[in-house]
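Asker: Quick one: structure below, then a few questions.
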Amino acid sequence: MKYKFIDHTADIAFEVYGSDLRELFENAALAFYDAFVDTSKLKIEREVRVECEGEDAEITLYRWLNELLYLFDTEFFAAKNVRAEIEEGNAIKATGTLEGGKFSAEMVKVEPKAITLYKFRVEKTDKGYVAFVVVDI
């Protein structure tokens with residue numbers, strides 16, 4: 001399982017899984033787009049590169065999702081395919097390639113307003129990584 005949606009009162013919440021950080025970041029992007037856009041109707045028209053960095057996996061994933069939200073809001077861009085690269089050192093750097101295109105209003109399920117820090121977490125488990133994300137709608 002890549003991710004699952006969690007019932008939440010007024011927001012969208014999802015739990016994301018990955019065997020490593022690369023897979024966690026890819027699946028978080030897929031969950032984000034699946035929550036807000038009917039990606040089955042989305043055409044792959046271009047590639048977009050995103051980069052972010054943070055002192056740990058939580059901050060980096062938070063910034064990663066905010067990059068996706070920025071593209072969603074400013075360019076009406078959503079992705080069908082996501083590839084991520086993670087560099088771990090003094091900081092964690094995420095670089096991603098998003099394949100997708102411009103979505104129309106009819107394709108939007110609900111509009112995201114903000115990635116929240118409410119209960120936001122990334123945990124390392126014996127099976128890899130799990131993250132919990134709440135998006136304000």
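FYI, nothing fancy with the structure tokens labels: chains A, B, ... in order, residues from 1 per chain, ligands from 1 as they appear.
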Can you list, as an NGL selection string, every protein, DNA or RNA residue that comes within 12 Å of stretch 35-41 of chain A when you count only C-alpha atoms, leaving out same-chain residues fewer than 6 positions away?
Answerer: :A and (3-6 or 11-15 or 28-29 or 68-69 or 72-73 or 76-81 or 99-113 or 133-137)
Asker: Could you pull out the residues in stretch 9-120 of chain A that DSSP calls strand (DSSP E) from the backbone, as JSON, numbers by chain?
Answerer: {"A": [11, 12, 13, 14, 15, 16, 17, 18, 46, 47, 48, 49, 50, 51, 52, 53, 54, 77, 78, 79, 80, 81, 82, 83, 84, 85, 86, 87, 88, 92, 93, 94, 95, 96, 97, 98, 99, 100, 101, 102, 114, 115]}
Asker: For the residues in the current selection, export N, CA and C atoms as a short mmCIF file (atom, residue, chain, number, x, y, z; two decimals), in the first residue's frame.
Answerer:
```
data_model
loop_
_atom_site.label_atom_id
_atom_site.label_comp_id
_atom_site.auth_asym_id
_atom_site.auth_seq_id
_atom_site.Cartn_x
_atom_site.Cartn_y
_atom_site.Cartn_z
N ASP A 11 -10.75 18.65 7.11
CA ASP A 11 -9.56 18.68 6.28
C ASP A 11 -9.41 17.35 5.55
N ILE A 12 -8.35 17.25 4.77
CA ILE A 12 -7.97 15.99 4.13
C ILE A 12 -6.75 15.46 4.89
N ALA A 13 -6.81 14.22 5.32
CA ALA A 13 -5.68 13.62 6.02
C ALA A 13 -5.31 12.32 5.32
N PHE A 14 -4.01 12.05 5.25
CA PHE A 14 -3.57 10.78 4.68
C PHE A 14 -2.30 10.29 5.36
N GLU A 15 -2.17 8.98 5.34
CA GLU A 15 -0.98 8.31 5.86
C GLU A 15 -0.25 7.76 4.65
N VAL A 16 1.04 7.99 4.61
CA VAL A 16 1.85 7.61 3.45
C VAL A 16 2.92 6.61 3.89
N TYR A 17 3.22 5.66 3.01
CA TYR A 17 4.19 4.61 3.33
C TYR A 17 5.29 4.57 2.28
N GLY A 18 6.47 4.17 2.71
CA GLY A 18 7.58 3.98 1.79
C GLY A 18 8.64 3.08 2.42
N ARG A 46 4.15 17.83 -19.65
CA ARG A 46 5.48 18.37 -19.35
C ARG A 46 6.03 17.78 -18.07
N GLU A 47 7.32 18.03 -17.88
CA GLU A 47 8.03 17.64 -16.67
C GLU A 47 8.36 18.89 -15.88
N VAL A 48 8.20 18.79 -14.57
CA VAL A 48 8.56 19.89 -13.69
C VAL A 48 9.53 19.34 -12.64
N ARG A 49 10.59 20.08 -12.38
CA ARG A 49 11.57 19.68 -11.35
C ARG A 49 11.29 20.48 -10.09
N VAL A 50 11.37 19.81 -8.96
CA VAL A 50 11.23 20.48 -7.67
C VAL A 50 12.41 20.09 -6.79
N GLU A 51 12.81 21.02 -5.95
CA GLU A 51 13.91 20.78 -5.01
C GLU A 51 13.56 21.42 -3.69
N CYS A 52 13.91 20.75 -2.62
CA CYS A 52 13.77 21.35 -1.29
C CYS A 52 14.75 20.66 -0.35
N GLU A 53 14.97 21.30 0.76
CA GLU A 53 15.95 20.79 1.72
C GLU A 53 15.50 21.15 3.12
N GLY A 54 15.83 20.29 4.07
CA GLY A 54 15.51 20.56 5.47
C GLY A 54 16.45 19.81 6.38
N PHE A 77 -0.94 22.97 -12.00
CA PHE A 77 -0.19 21.79 -12.41
C PHE A 77 -0.44 20.65 -11.42
N ALA A 78 -0.67 19.47 -11.99
CA ALA A 78 -0.76 18.24 -11.20
C ALA A 78 0.03 17.16 -11.93
N ALA A 79 0.53 16.20 -11.18
CA ALA A 79 1.37 15.15 -11.76
C ALA A 79 0.69 13.79 -11.67
N LYS A 80 0.98 12.98 -12.68
CA LYS A 80 0.55 11.58 -12.68
C LYS A 80 1.68 10.65 -12.26
N ASN A 81 2.90 11.05 -12.60
CA ASN A 81 4.09 10.26 -12.29
C ASN A 81 5.08 11.12 -11.50
N VAL A 82 5.70 10.50 -10.53
CA VAL A 82 6.64 11.22 -9.66
C VAL A 82 7.88 10.37 -9.45
N ARG A 83 9.03 10.99 -9.63
CA ARG A 83 10.31 10.35 -9.30
C ARG A 83 11.05 11.28 -8.35
N ALA A 84 11.55 10.71 -7.27
CA ALA A 84 12.27 11.51 -6.27
C ALA A 84 13.66 10.94 -6.06
N GLU A 85 14.56 11.83 -5.71
CA GLU A 85 15.90 11.45 -5.28
C GLU A 85 16.12 12.13 -3.94
N ILE A 86 16.67 11.38 -3.00
CA ILE A 86 16.91 11.91 -1.66
C ILE A 86 18.40 11.81 -1.36
N GLU A 87 18.97 12.93 -0.91
CA GLU A 87 20.37 12.95 -0.46
C GLU A 87 20.36 13.20 1.04
N GLU A 88 20.96 12.30 1.78
CA GLU A 88 21.03 12.44 3.23
C GLU A 88 22.45 12.79 3.65
N ILE A 92 18.67 16.94 4.69
CA ILE A 92 18.05 16.03 3.73
C ILE A 92 17.57 16.87 2.55
N LYS A 93 18.03 16.51 1.36
CA LYS A 93 17.66 17.23 0.15
C LYS A 93 16.81 16.31 -0.71
N ALA A 94 15.67 16.83 -1.17
CA ALA A 94 14.78 16.08 -2.05
C ALA A 94 14.73 16.78 -3.40
N THR A 95 14.96 16.02 -4.45
CA THR A 95 14.85 16.51 -5.81
C THR A 95 13.86 15.61 -6.52
N GLY A 96 12.92 16.21 -7.21
CA GLY A 96 11.90 15.40 -7.85
C GLY A 96 11.61 15.82 -9.28
N THR A 97 11.16 14.85 -10.05
CA THR A 97 10.67 15.08 -11.40
C THR A 97 9.20 14.70 -11.42
N LEU A 98 8.37 15.67 -11.76
CA LEU A 98 6.93 15.47 -11.80
C LEU A 98 6.48 15.48 -13.25
N GLU A 99 5.81 14.42 -13.68
CA GLU A 99 5.28 14.36 -15.04
C GLU A 99 3.78 14.54 -14.98
N GLY A 100 3.30 15.59 -15.63
CA GLY A 100 1.87 15.86 -15.59
C GLY A 100 1.51 17.02 -16.49
N GLY A 101 0.48 17.73 -16.09
CA GLY A 101 0.04 18.84 -16.91
C GLY A 101 -0.96 19.72 -16.17
N LYS A 102 -1.52 20.62 -16.93
CA LYS A 102 -2.48 21.58 -16.39
C LYS A 102 -3.83 20.88 -16.22
N ALA A 114 -3.73 24.72 2.50
CA ALA A 114 -2.41 24.73 3.15
C ALA A 114 -2.06 23.35 3.67
N ILE A 115 -0.77 23.05 3.63
CA ILE A 115 -0.24 21.87 4.30
C ILE A 115 -0.08 22.29 5.76
#
```
Asker: Taking the DSSP secondary structure from the backbone, can you list the residues of chain A that are helix (DSSP H, G or I), as a ChimeraX atom specification?
Answerer: /A:21-36,39-41,57-75,105-107
Asker: Mind writing the picked residues with N, CA and C atoms as a short mmCIF file (atom, residue, chain, number, x, y, z; two decimals), in the first residue's frame?
Answerer:
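Full text of again24.cif as output:
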```
data_model
loop_
_atom_site.label_atom_id
_atom_site.label_comp_id
_atom_site.auth_asym_id
_atom_site.auth_seq_id
_atom_site.Cartn_x
_atom_site.Cartn_y
_atom_site.Cartn_z
N LEU A 21 13.05 6.71 2.12
CA LEU A 21 12.59 8.09 2.00
C LEU A 21 12.20 8.44 0.56
N ARG A 22 12.92 7.91 -0.40
CA ARG A 22 12.59 8.18 -1.80
C ARG A 22 11.16 7.76 -2.10
N GLU A 23 10.82 6.54 -1.72
CA GLU A 23 9.48 6.02 -1.98
C GLU A 23 8.43 6.78 -1.16
N LEU A 24 8.77 7.17 0.06
CA LEU A 24 7.84 7.94 0.89
C LEU A 24 7.49 9.27 0.23
N PHE A 25 8.49 9.98 -0.29
CA PHE A 25 8.26 11.27 -0.93
C PHE A 25 7.45 11.10 -2.23
N GLU A 26 7.76 10.07 -3.00
CA GLU A 26 6.99 9.81 -4.22
C GLU A 26 5.53 9.53 -3.88
N ASN A 27 5.30 8.67 -2.89
CA ASN A 27 3.94 8.31 -2.52
C ASN A 27 3.18 9.47 -1.89
N ALA A 28 3.88 10.33 -1.18
CA ALA A 28 3.24 11.52 -0.61
C ALA A 28 2.74 12.44 -1.72
N ALA A 29 3.53 12.58 -2.78
CA ALA A 29 3.10 13.39 -3.92
C ALA A 29 1.89 12.76 -4.60
N LEU A 30 1.91 11.45 -4.80
CA LEU A 30 0.79 10.77 -5.43
C LEU A 30 -0.48 10.91 -4.59
N ALA A 31 -0.36 10.80 -3.27
CA ALA A 31 -1.51 10.96 -2.38
C ALA A 31 -2.05 12.39 -2.46
N PHE A 32 -1.14 13.37 -2.48
CA PHE A 32 -1.54 14.77 -2.58
C PHE A 32 -2.38 14.99 -3.84
N TYR A 33 -1.85 14.55 -4.98
CA TYR A 33 -2.57 14.77 -6.24
C TYR A 33 -3.87 13.98 -6.29
N ASP A 34 -3.87 12.76 -5.78
CA ASP A 34 -5.08 11.94 -5.79
C ASP A 34 -6.17 12.56 -4.92
N ALA A 35 -5.79 13.25 -3.86
CA ALA A 35 -6.77 13.88 -2.97
C ALA A 35 -7.50 15.03 -3.64
N PHE A 36 -6.84 15.72 -4.56
CA PHE A 36 -7.38 16.98 -5.06
C PHE A 36 -7.75 17.01 -6.54
N THR A 39 -6.84 12.44 -11.39
CA THR A 39 -5.63 12.26 -12.21
C THR A 39 -5.86 11.34 -13.40
N SER A 40 -6.95 10.57 -13.41
CA SER A 40 -7.23 9.70 -14.57
C SER A 40 -7.52 10.54 -15.81
N LYS A 41 -7.95 11.78 -15.63
CA LYS A 41 -8.25 12.67 -16.76
C LYS A 41 -7.07 13.58 -17.11
N ALA A 57 13.77 14.67 7.94
CA ALA A 57 12.79 14.16 6.97
C ALA A 57 11.46 14.89 7.09
N GLU A 58 11.03 15.23 8.31
CA GLU A 58 9.75 15.91 8.49
C GLU A 58 9.74 17.28 7.81
N ILE A 59 10.74 18.08 8.09
CA ILE A 59 10.80 19.42 7.51
C ILE A 59 10.91 19.33 5.99
N THR A 60 11.71 18.39 5.50
CA THR A 60 11.89 18.26 4.05
C THR A 60 10.59 17.81 3.38
N LEU A 61 9.89 16.85 3.96
CA LEU A 61 8.61 16.41 3.39
C LEU A 61 7.59 17.54 3.42
N TYR A 62 7.56 18.29 4.50
CA TYR A 62 6.65 19.44 4.61
C TYR A 62 6.94 20.45 3.48
N ARG A 63 8.20 20.74 3.26
CA ARG A 63 8.58 21.68 2.20
C ARG A 63 8.28 21.09 0.82
N TRP A 64 8.49 19.80 0.64
CA TRP A 64 8.18 19.09 -0.61
C TRP A 64 6.69 19.27 -0.96
N LEU A 65 5.84 18.99 0.01
CA LEU A 65 4.40 19.12 -0.23
C LEU A 65 3.99 20.57 -0.49
N ASN A 66 4.67 21.51 0.15
CA ASN A 66 4.39 22.92 -0.11
C ASN A 66 4.80 23.32 -1.53
N GLU A 67 5.87 22.72 -2.05
CA GLU A 67 6.25 22.97 -3.45
C GLU A 67 5.14 22.48 -4.39
N LEU A 68 4.58 21.31 -4.09
CA LEU A 68 3.49 20.78 -4.91
C LEU A 68 2.26 21.68 -4.84
N LEU A 69 1.96 22.16 -3.64
CA LEU A 69 0.82 23.07 -3.46
C LEU A 69 1.04 24.37 -4.23
N TYR A 70 2.25 24.88 -4.20
CA TYR A 70 2.57 26.11 -4.94
C TYR A 70 2.32 25.92 -6.44
N LEU A 71 2.80 24.82 -7.00
CA LEU A 71 2.57 24.53 -8.42
C LEU A 71 1.08 24.35 -8.72
N PHE A 72 0.39 23.71 -7.81
CA PHE A 72 -1.06 23.50 -7.94
C PHE A 72 -1.78 24.85 -8.02
N ASP A 73 -1.43 25.75 -7.09
CA ASP A 73 -2.11 27.05 -7.00
C ASP A 73 -1.72 28.04 -8.08
N THR A 74 -0.45 28.07 -8.45
CA THR A 74 0.03 29.12 -9.37
C THR A 74 0.03 28.71 -10.83
N GLU A 75 0.25 27.41 -11.09
CA GLU A 75 0.33 26.95 -12.49
C GLU A 75 -0.76 25.95 -12.85
N ALA A 105 -10.87 23.01 -14.10
CA ALA A 105 -11.72 23.13 -12.91
C ALA A 105 -12.57 21.88 -12.70
N GLU A 106 -13.00 21.26 -13.77
CA GLU A 106 -13.84 20.06 -13.68
C GLU A 106 -13.09 18.88 -13.08
N MET A 107 -11.79 18.90 -13.12
CA MET A 107 -10.97 17.80 -12.62
C MET A 107 -10.68 17.92 -11.13
#
```
